[in-house]
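Containing mmCIF, C-alpha atoms: my_file24.cif.
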data_my_file
loop_
_atom_site.label_atom_id
_atom_site.label_comp_id
_atom_site.auth_asym_id
_atom_site.auth_seq_id
_atom_site.Cartn_x
_atom_site.Cartn_y
_atom_site.Cartn_z
CA MET U 22 194.23 120.27 -35.81
CA SER U 23 192.55 122.79 -38.12
CA GLU U 24 192.70 125.41 -35.35
CA LEU U 25 196.44 124.77 -34.97
CA ASN U 26 196.99 125.08 -38.72
CA ARG U 27 195.08 128.36 -38.80
CA HIS U 28 197.23 129.68 -35.95
CA LYS U 29 200.43 128.73 -37.80
CA ASN U 30 199.17 130.22 -41.06
CA ASN U 31 198.22 133.49 -39.34
CA ARG U 32 201.65 133.72 -37.74
CA VAL U 33 203.43 133.12 -41.07
CA LEU U 34 201.16 135.66 -42.76
CA ARG U 35 201.92 138.31 -40.13
CA TRP U 36 205.67 137.95 -40.60
CA ARG U 37 205.35 137.94 -44.38
CA LEU U 38 203.36 141.16 -44.24
CA LEU U 39 205.91 142.66 -41.85
CA SER U 40 208.83 141.70 -44.11
CA THR U 41 207.02 142.95 -47.22
CA ALA U 42 206.14 146.28 -45.60
CA SER U 43 209.70 146.74 -44.38
CA ALA U 44 211.11 145.93 -47.82
CA PHE U 45 208.74 148.39 -49.56
CA ALA U 46 209.58 151.11 -47.03
CA LEU U 47 213.27 150.48 -47.57
CA LEU U 48 212.98 150.61 -51.35
CA GLY U 49 210.76 153.71 -51.19
CA CYS U 50 213.25 155.62 -49.08
CA ALA U 51 216.10 154.43 -51.31
CA PHE U 52 214.30 155.55 -54.47
CA GLY U 53 213.59 158.98 -52.99
CA ALA U 54 217.24 159.44 -52.15
CA ALA U 55 218.35 158.16 -55.57
CA VAL U 56 216.29 160.80 -57.38
CA ALA U 57 218.23 163.58 -55.67
CA SER U 58 221.64 161.97 -56.11
CA GLU U 59 224.51 162.60 -58.53
CA ASP U 60 226.64 159.96 -60.26
CA THR U 61 230.00 159.01 -58.73
CA ASP U 62 232.36 156.02 -58.94
CA GLN U 63 231.15 154.67 -55.60
CA PRO U 64 229.33 151.30 -55.98
CA VAL U 65 225.58 151.64 -55.63
CA ILE U 66 224.98 148.12 -54.26
CA TRP U 67 227.13 146.07 -51.89
CA ILE U 68 226.51 142.33 -51.46
CA GLU U 69 228.13 140.62 -48.48
CA LEU U 70 228.40 136.95 -47.51
CA GLY U 71 230.04 135.77 -44.30
CA GLY U 72 230.28 133.33 -41.45
CA GLN U 73 231.00 133.30 -37.72
CA LEU U 74 232.17 130.75 -35.17
CA ASN U 75 229.94 131.44 -32.17
CA ARG U 76 230.49 130.70 -28.53
CA LEU U 77 227.02 130.07 -27.08
CA ASP U 78 225.73 130.92 -23.62
CA ASP U 79 223.95 128.07 -21.83
CA GLY U 80 221.95 129.20 -18.83
CA GLN U 81 219.19 126.59 -19.02
CA GLU U 82 218.44 124.79 -15.77
CA LYS U 83 219.35 121.09 -15.82
CA ILE U 84 217.48 118.23 -14.23
CA ALA U 85 219.62 117.00 -11.31
CA PRO U 86 217.82 114.51 -9.03
CA PRO U 87 219.65 113.38 -5.87
CA PHE U 88 220.44 109.91 -7.23
CA PHE U 89 222.95 111.43 -9.68
CA ALA U 90 225.28 111.68 -6.66
CA SER U 91 224.91 107.91 -6.13
CA VAL U 92 225.85 107.32 -9.77
CA SER U 93 229.07 109.32 -9.31
CA LYS U 94 229.80 107.62 -5.97
CA ALA U 95 229.61 104.23 -7.68
CA GLY U 96 232.42 105.32 -10.00
CA PHE U 97 230.28 106.02 -13.07
CA THR U 98 230.19 109.21 -15.17
CA SER U 99 227.68 111.71 -13.78
CA PRO U 100 224.75 112.40 -16.15
CA LEU U 101 225.28 116.11 -15.44
CA THR U 102 228.46 116.10 -17.51
CA LEU U 103 226.57 114.60 -20.47
CA GLU U 104 223.66 117.09 -20.31
CA LYS U 105 225.80 119.98 -21.56
CA PRO U 106 224.89 121.07 -25.11
CA SER U 107 227.41 121.98 -27.79
CA PRO U 108 229.20 125.22 -26.78
CA TYR U 109 229.68 126.36 -30.39
CA SER U 110 227.67 127.02 -33.52
CA ILE U 111 228.50 128.01 -37.09
CA ASP U 112 226.59 131.05 -38.35
CA GLU U 113 225.97 132.03 -41.95
CA SER U 114 225.16 135.62 -42.85
CA GLY U 115 224.15 137.70 -45.84
CA LYS U 116 223.66 141.40 -46.37
CA ILE U 117 222.67 143.70 -49.21
CA GLY U 118 223.25 147.44 -49.01
CA PHE U 119 222.12 150.23 -51.33
CA GLN U 120 223.72 153.67 -51.45
CA PRO U 121 222.38 155.98 -54.18
CA SER U 122 225.08 157.61 -56.30
CA GLY U 123 226.29 160.82 -54.69
CA ALA U 124 224.12 160.39 -51.60
CA ASP U 125 225.24 159.84 -48.03
CA TRP U 126 222.28 157.61 -47.13
CA VAL U 127 222.69 153.81 -46.96
CA PHE U 128 219.83 151.28 -46.89
CA SER U 129 220.43 147.66 -45.98
CA ALA U 130 218.82 144.33 -45.20
CA SER U 131 220.74 141.53 -43.49
CA VAL U 132 220.17 138.06 -42.08
CA ARG U 133 222.13 135.79 -39.76
CA TYR U 134 221.29 132.14 -39.19
CA GLY U 135 223.01 129.53 -37.05
CA ARG U 136 222.39 126.16 -35.47
CA SER U 137 224.05 123.51 -33.36
CA SER U 138 223.15 120.00 -32.23
CA GLY U 139 224.60 117.12 -30.32
CA LYS U 140 223.83 113.80 -28.67
CA SER U 141 225.57 111.40 -26.34
CA TYR U 142 225.18 107.87 -25.02
CA ARG U 143 227.07 106.27 -22.16
CA HIS U 144 226.56 102.78 -20.68
CA GLN U 145 228.74 101.60 -17.81
CA GLN U 146 228.46 98.52 -15.61
CA THR U 147 230.41 96.30 -13.22
CA ASN U 148 230.99 92.59 -13.54
CA GLU U 149 228.28 90.26 -12.27
CA ILE U 150 228.48 90.03 -8.50
CA PHE U 151 226.96 86.52 -8.33
CA PRO U 152 226.90 84.92 -11.82
CA GLY U 153 225.55 81.59 -10.60
CA PHE U 154 222.31 83.22 -9.44
CA ARG U 155 221.31 83.71 -13.12
CA THR U 156 219.99 80.13 -13.38
CA ILE U 157 217.44 80.82 -10.62
CA GLN U 158 216.43 84.35 -11.59
CA PRO U 159 217.54 85.08 -15.17
CA THR U 160 215.74 88.46 -15.37
CA GLU U 161 217.17 90.00 -12.19
CA ALA U 162 220.03 92.49 -12.28
CA ARG U 163 223.25 91.11 -10.80
CA PHE U 164 225.55 94.10 -11.32
CA ARG U 165 225.71 97.86 -10.86
CA TYR U 166 225.17 99.97 -13.95
CA ALA U 167 224.35 103.45 -15.26
CA GLU U 168 223.04 104.37 -18.71
CA THR U 169 222.58 107.94 -19.98
CA THR U 170 221.22 109.19 -23.30
CA THR U 171 221.03 112.91 -24.19
CA ASN U 172 220.18 114.97 -27.26
CA ASN U 173 219.97 118.71 -27.89
CA ALA U 174 219.55 121.16 -30.76
CA GLU U 175 219.26 124.93 -31.11
CA THR U 176 218.66 127.39 -33.95
CA HIS U 177 218.78 131.18 -34.08
CA ALA U 178 217.93 133.74 -36.74
CA ILE U 179 218.36 137.53 -36.73
CA LEU U 180 217.05 139.87 -39.45
CA ASP U 181 217.77 143.59 -39.73
CA PHE U 182 216.23 146.29 -41.95
CA LYS U 183 218.08 149.59 -41.54
CA ALA U 184 218.56 153.04 -43.01
CA GLY U 185 221.60 155.13 -42.07
CA LYS U 186 223.41 158.37 -42.85
CA ASP U 187 227.16 158.68 -43.30
CA ILE U 188 228.28 161.72 -41.27
CA GLY U 189 231.97 161.21 -42.08
CA LEU U 190 234.94 160.52 -39.84
CA GLY U 191 238.14 162.43 -40.51
CA GLU U 192 239.94 162.20 -43.84
CA GLY U 193 238.66 159.19 -45.79
CA GLY U 194 236.82 157.70 -42.82
CA ALA U 195 233.17 156.76 -42.57
CA SER U 196 230.71 156.96 -39.67
CA LEU U 197 227.26 155.56 -40.32
CA LEU U 198 224.45 156.30 -37.87
CA GLY U 199 221.42 154.13 -38.55
CA GLY U 200 218.12 152.88 -37.29
CA GLY U 201 215.49 150.41 -38.31
CA LEU U 202 213.81 147.17 -37.36
CA ARG U 203 215.28 143.98 -35.87
CA PHE U 204 213.61 140.57 -35.78
CA ALA U 205 215.01 137.66 -33.74
CA GLN U 206 213.95 134.05 -33.22
CA PHE U 207 215.65 131.54 -30.90
CA GLN U 208 214.63 127.90 -30.44
CA SER U 209 216.14 125.16 -28.29
CA LYS U 210 215.15 121.59 -27.49
CA SER U 211 216.74 118.86 -25.38
CA GLY U 212 216.07 115.37 -24.09
CA LEU U 213 217.47 113.18 -21.32
CA ALA U 214 217.01 109.55 -20.22
CA VAL U 215 218.93 107.99 -17.32
CA TYR U 216 218.59 104.45 -15.94
CA ALA U 217 220.77 103.25 -13.11
CA VAL U 218 221.30 100.64 -10.41
CA PRO U 219 224.33 102.16 -8.66
CA ASP U 220 224.32 100.26 -5.36
CA TYR U 221 223.50 96.60 -6.02
CA ALA U 222 224.72 94.46 -3.11
CA ARG U 223 224.27 90.85 -1.98
CA THR U 224 224.84 89.55 1.52
CA GLN U 225 225.20 85.90 2.50
CA GLY U 226 224.46 84.94 6.08
CA THR U 227 223.24 81.66 7.50
CA GLY U 228 220.06 81.73 5.43
CA LEU U 229 219.09 82.70 1.88
CA PRO U 230 221.14 85.44 0.12
CA HIS U 231 219.66 88.89 0.70
CA LYS U 232 219.93 91.63 -1.88
CA TYR U 233 219.69 95.40 -1.64
CA PHE U 234 219.54 97.85 -4.53
CA HIS U 235 217.89 101.01 -5.88
CA ASN U 236 216.50 101.06 -9.40
CA TYR U 237 216.46 104.67 -10.59
CA SER U 238 215.24 106.39 -13.74
CA ALA U 239 215.00 110.00 -14.90
CA ARG U 240 213.45 111.35 -18.09
CA ALA U 241 213.08 114.91 -19.40
CA GLN U 242 212.04 116.72 -22.59
CA ASP U 243 212.34 120.49 -22.98
CA ARG U 244 211.45 123.02 -25.70
CA ILE U 245 212.04 126.72 -25.18
CA SER U 246 211.78 129.60 -27.64
CA PHE U 247 211.63 133.35 -28.12
CA THR U 248 210.27 135.33 -31.07
CA GLY U 249 210.41 139.12 -31.04
CA VAL U 250 210.71 142.29 -33.08
CA GLY U 251 211.52 145.90 -32.27
CA PRO U 252 213.41 149.09 -33.10
CA THR U 253 217.19 149.06 -33.43
CA LEU U 254 219.92 151.73 -33.52
CA SER U 255 223.47 151.27 -34.76
CA TRP U 256 226.77 153.05 -35.32
CA ASP U 257 229.24 151.59 -37.82
CA ALA U 258 232.56 153.30 -38.45
CA SER U 259 235.69 152.72 -40.51
CA MET U 260 239.08 154.45 -40.50
CA PRO U 261 241.69 153.87 -43.25
CA LEU U 262 245.07 152.73 -42.00
CA SER U 263 246.99 152.61 -45.27
CA GLY U 264 246.57 152.70 -49.06
CA GLY U 265 243.58 153.71 -51.17
CA ALA U 266 240.38 152.00 -52.26
CA GLN U 267 241.42 151.64 -55.91
CA ASN U 268 244.88 150.18 -55.30
CA GLY U 269 244.39 148.38 -51.99
CA GLN U 270 243.31 149.84 -48.65
CA ILE U 271 243.48 148.46 -45.11
CA SER U 272 240.97 149.86 -42.62
CA PHE U 273 240.06 149.43 -38.99
CA ASP U 274 236.31 148.86 -38.56
CA TRP U 275 234.10 148.92 -35.49
CA GLY U 276 230.44 149.18 -34.60
CA LEU U 277 227.87 149.29 -31.81
CA ASN U 278 224.22 148.28 -31.92
CA GLY U 279 221.26 148.23 -29.57
CA ALA U 280 217.65 147.15 -29.81
CA VAL U 281 214.54 146.58 -27.72
CA LEU U 282 212.56 143.53 -28.82
CA PHE U 283 208.94 142.87 -27.94
CA GLY U 284 207.89 139.26 -28.26
CA ARG U 285 206.74 135.91 -26.98
CA GLN U 286 208.65 133.59 -24.68
CA LYS U 287 207.60 129.94 -24.45
CA SER U 288 208.68 126.95 -22.36
CA THR U 289 207.14 123.48 -22.60
CA GLY U 290 208.23 120.02 -21.50
CA PHE U 291 208.24 117.57 -18.63
CA HIS U 292 210.63 115.84 -16.26
CA GLN U 293 210.11 112.75 -14.12
CA THR U 294 212.31 110.99 -11.58
CA LYS U 295 211.46 107.53 -10.29
CA GLY U 296 213.12 105.43 -7.63
CA VAL U 297 212.47 101.88 -6.47
CA LEU U 298 214.20 100.35 -3.42
CA LYS U 299 214.25 96.55 -3.28
CA THR U 300 215.54 94.63 -0.29
CA GLY U 301 215.42 91.05 0.92
CA VAL U 302 214.91 87.82 -1.01
CA ASN U 303 212.98 87.38 -4.25
CA ILE U 304 212.29 83.71 -5.07
CA PRO U 305 208.58 83.64 -5.96
CA ILE U 306 208.51 79.86 -6.45
CA LEU U 307 209.39 79.52 -2.77
CA GLY U 308 207.09 82.34 -1.66
CA PHE U 309 209.84 84.91 -1.04
CA TYR U 310 209.42 88.46 -2.40
CA TYR U 311 211.29 91.76 -2.21
CA HIS U 312 210.27 94.48 0.16
CA THR U 313 209.71 97.37 -2.30
CA THR U 314 209.22 101.12 -1.86
CA HIS U 315 208.57 103.67 -4.64
CA TYR U 316 208.80 107.39 -5.23
CA THR U 317 208.06 109.52 -8.27
CA HIS U 318 208.64 113.25 -8.76
CA GLY U 319 208.02 115.67 -11.62
CA GLY U 320 205.38 116.58 -14.15
CA PRO U 321 204.60 118.60 -17.28
CA ARG U 322 204.84 122.37 -17.78
CA ASN U 323 203.54 124.83 -20.35
CA ARG U 324 204.45 128.50 -19.84
CA LEU U 325 203.81 131.33 -22.29
CA ARG U 326 204.30 135.05 -21.67
CA MET U 327 205.03 138.32 -23.44
CA VAL U 328 208.41 139.88 -22.63
CA VAL U 329 210.59 142.89 -23.45
CA VAL U 330 214.18 141.92 -24.34
CA PRO U 331 217.04 144.48 -24.44
CA ASN U 332 219.79 143.71 -26.95
CA LEU U 333 223.34 145.09 -27.10
CA GLY U 334 226.12 144.22 -29.52
CA ALA U 335 229.53 145.30 -30.78
CA THR U 336 232.00 144.46 -33.54
CA ALA U 337 235.68 145.20 -34.19
CA GLY U 338 237.98 144.11 -36.99
CA VAL U 339 240.05 144.98 -40.02
CA SER U 340 239.19 144.97 -43.71
CA PHE U 341 241.10 144.99 -46.98
CA ARG U 342 239.47 146.66 -49.97
CA TYR U 343 240.66 146.56 -53.55
CA ALA U 344 238.47 148.46 -56.04
CA ASN U 345 234.93 147.07 -55.59
CA ALA U 346 235.83 144.04 -53.46
CA LYS U 347 236.42 143.83 -49.72
CA VAL U 348 237.45 141.13 -47.26
CA SER U 349 236.79 141.63 -43.52
CA VAL U 350 237.77 139.69 -40.40
CA GLY U 351 237.08 140.50 -36.78
CA TYR U 352 235.16 139.69 -33.61
CA ARG U 353 231.45 140.19 -33.00
CA ALA U 354 229.29 139.90 -29.87
CA ASP U 355 225.52 140.12 -29.51
CA MET U 356 223.70 139.73 -26.19
CA PHE U 357 219.93 139.38 -25.66
CA PHE U 358 219.08 139.85 -21.99
CA GLY U 359 216.41 137.57 -20.48
CA ALA U 360 215.32 136.30 -23.90
CA MET U 361 214.58 132.69 -22.89
CA ASP U 362 212.78 130.95 -20.03
CA GLY U 363 215.40 128.44 -18.90
CA GLY U 364 213.66 127.21 -15.75
CA LEU U 365 212.15 123.81 -15.04
CA ASP U 366 209.42 124.03 -12.40
CA THR U 367 209.46 127.83 -12.22
CA ALA U 368 210.33 130.53 -14.75
CA LYS U 369 213.99 131.59 -14.91
CA LYS U 370 215.34 134.36 -17.13
CA GLN U 371 218.11 133.15 -19.42
CA ASN U 372 220.38 135.41 -21.46
CA VAL U 373 221.13 134.44 -25.04
CA GLY U 374 224.54 135.46 -26.34
CA PHE U 375 226.51 134.94 -29.53
CA TYR U 376 230.14 135.96 -29.67
CA GLY U 377 233.17 134.88 -31.68
CA PRO U 378 235.38 135.54 -34.72
CA PHE U 379 233.81 136.28 -38.10
CA ALA U 380 234.90 136.71 -41.72
CA SER U 381 233.06 138.14 -44.72
CA VAL U 382 233.52 138.94 -48.39
CA SER U 383 231.77 141.93 -50.03
CA VAL U 384 231.38 142.88 -53.69
CA GLY U 385 230.28 146.29 -54.96
CA ILE U 386 228.07 146.65 -58.05
CA GLY U 387 227.22 149.72 -60.11
CA GLY U 388 228.44 153.25 -59.71
#
Translate the structure of the given file into structure tokens.
Amino acid sequence: MSELNRHKNNRVLRWRLLSTASAFALLGCAFGAAVASEDTDQPVIWIELGGQLNRLDDGQEKIAPPFFASVSKAGFTSPLTLEKPSPYSIDESGKIGFQPSGADWVFSASVRYGRSSGKSYRHQQTNEIFPGFRTIQPTEARFRYAETTTNNAETHAILDFKAGKDIGLGEGGASLLGGGLRFAQFQSKSGLAVYAVPDYARTQGTGLPHKYFHNYSARAQDRISFTGVGPTLSWDASMPLSGGAQNGQISFDWGLNGAVLFGRQKSTGFHQTKGVLKTGVNIPILGFYYHTTHYTHGGPRNRLRMVVVPNLGATAGVSFRYANAKVSVGYRADMFFGAMDGGLDTAKKQNVGFYGPFASVSVGIGG
């Protein structure tokens, strides 16, 4: 336990040092540019708060043992339809930008955080096929049934530290070319439990009633994650469509970004499928027992590897600025290629993508 705590503390310390160093570098560059600047009416600091409705990519491999087909054939809901996680998440974002008076350099730090979770439970069964048999064997199943329980949760965080130079774009436009450091962390966990007797049957001939049924179960727990950091480049541009900044201005905004992240990919969990076939007569007091066969498949996994993850993103939208306040709406997409290990028994590259509409409010201070 102490070794685990030391590992966690070291990891937290490394990221704190990285964040502190990045912040000091950002402030140092900003101070150097401020010394050489001249006063204007342009705000020195911009603070932005926003949110985004994200459509999430789900490429994780699902447990799908053959008996799921028997569950569907019996007229019950397939567990596969209940394994799907929530397709959406709500992101929250914040950004602070610093542009020294009279300078064309902009320094910024931003963070995006989002999460989603869900769970489901479904129990279905038929009527008892032979209710009177309960008095002889009260613990035996006398109907077909299927029961599925699922749960899932995911979180994602993206931090950017950037410095950029405004090279201008036509009359009144802005074109900011920037670079810096991007940090990303994605985590996902899920669980599944299925219990089913989809084919219970009883036959009555000249002798004792014979029964035939499979008793199935499937269980799985999965945790996958990626943590990485690397250089990033971006281009953010804005072109006025009408009006002026002091009396109300509408602009068209767009941007492109790319990064290469170096980090750790981890996948842990287990899955197990069990099947029991029972046939014949089971009346122990008379010396009759089922003929039973078993099978069990699955096991644990623990994979850890270092990976390189390319990242590409784009934004487009419109903004309305009045004096030192601005409201923006638009659409943003960010794709991280091969960021997660979504496989079960073997590794499988899984892309992580976030895309959807966003809105933000910005306030300028100083100047």
Check: Could you name the residues that touch Tyr343 (chain U) at 8 Å or less, counting all atoms listed in the file, but leaving out those on the same chain fewer than 3 positions away, as a ChimeraX atom specification?
Finding: /U:266-270,346-347
Next item on the list: Name the residues in contact with Ser131 (chain U) at a cut-off of 10 Å, using only C-alpha atoms, excluding same-chain residues fewer than 2 positions from it; report them as a PyMOL selection string.
Entry: chain U and resi 68-70+114-118+129+133+179-183+203
Checklist line | Shell around region 212-219 of chain U at 6 Å using only C-alpha atoms, local window under 2 positions removed, as a list in words | finding: Val92, Ala95, Arg165, Tyr166, Ala167, Glu168, Thr169, Thr170, Thr171, Asn172, His235, Asn236, Tyr237, Ser238, Ala239, Arg240, Ala241 and Gln242 of chain U
Notebook entry, point to check: Any idea what the distance is between CA of Gly279 (chain U) and CA of Lys369 (chain U)?
Noted result: 23.3 Å
Margin query: For a quick check of your reading of the model, name the residues lying within 12 Å of the coordinate (233.3, 138.1, -47.4), counting all atoms listed in the file, and write them as a list in words.
Written below: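 In the file's frame, the residues around the point are Trp67, Ile68, Glu69, Leu70, Gly71, Gly72, Gln73, Glu113, Ser114, Gly115, Lys116, Ser340, Phe341, Arg342, Ala346, Lys347, Val348, Ser349, Val350, Gly351, Phe379, Ala380, Ser381, Val382, Ser383, Val384 and Gly385 of chain U.
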Next item on the list: Return the single residue from U:Asn323, U:Thr289, U:Thr176, U:Gln146 that is closest to Asp220 (chain U), with distances computed using all atoms listed in the file.
Entry: U:Gln146
Check: Hey, can you pull every residue with an atom no more than 7 Å from (228.0, 139.6, -34.9), using all atoms listed in the file, and send it as a list in words?
Finding: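 Result, sorted by chain then residue number: Thr336, Arg353, Ala354, Asp355 and Tyr376 of chain U.
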Item checked: Selection under test: the PyMOL selection byres ((chain U and resi 329) around 7); residues as a PyMOL selection string -> chain U and resi 281-284+328+330-331
Note to self: Report, in Å with one decimal, the straight-line distance from CA of Gly193 (chain U) to CA of Pro121 (chain U).
What the structure shows: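 Pair CA of Gly193 (chain U) / CA of Pro121 (chain U) returns 18.6 Å.
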Check: So how far away is CA of Thr367 (chain U) from CA of Pro321 (chain U), in Å?
Finding: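 CA of Thr367 (chain U) lies 11.6 Å from CA of Pro321 (chain U).
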Using all atoms of region 71-89 of chain U listed in the file and a margin of 8 Å per side, can you give the axis-aligned box centre and edge lengths in Å to one decimal, as AutoDock Vina command-line options?
--center_x 224.8 --center_y 122.8 --center_z -25.1 --size_x 30.7 --size_y 41.9 --size_z 54.4
Check: What lies within 6 Å of Ala174 (chain U) using all atoms listed in the file, ignoring chain neighbours under 4 positions off, as a ChimeraX atom specification?
Finding: /U:137-138,209-210
Check: Could you write out as a ChimeraX atom specification the residues that the PyMOL selection byres ((chain U and resi 274) around 6) matches in the shown file?
Finding: /U:258-259,273,275,337-339
Margin query: Could you tell me, as number ranges by chain, exactly which residues end up selected when the PyMOL selection byres ((chain U and resi 85-89) around 8) is applied to this structure?
Written below: U: 83-84, 90-93, 99-101, 237, 239, 294
Note to self: For a quick check of understanding, using only C-alpha atoms, which of U:Ser246, U:Ser211, U:Ser196, U:Ser122 has the smallest distance to Gly276 (chain U)?
What the structure shows: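 Going through U:Ser246, U:Ser211, U:Ser196, U:Ser122 one by one, the smallest distance to Gly276 (chain U) is for U:Ser196.
Proximity of U:Gln120, U:Asn75, U:Gln293, U:Thr253 to Gly199 (chain U), computed with all atoms listed in the file, is greatest for U:Thr253.
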Notebook entry, point to check: Can you tell me, as a ChimeraX atom specification, what residues are no more than 10 Å from Leu77 (chain U) when counting all atoms listed in the file, ignoring any on the same chain fewer than 4 positions away?
Noted result: /U:106-110,137,373-377
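When all atoms listed in the file are used to compute distances to Ala130 (chain U), the closest of the residues U:Ala280, U:Leu202, U:Leu298, U:Ala195 turns out to be U:Leu202.
Nearest to Ala368 (chain U) of all the residues U:Val250, U:Arg322, U:Leu277, U:Arg76 is U:Arg322, counting all atoms listed in the file.
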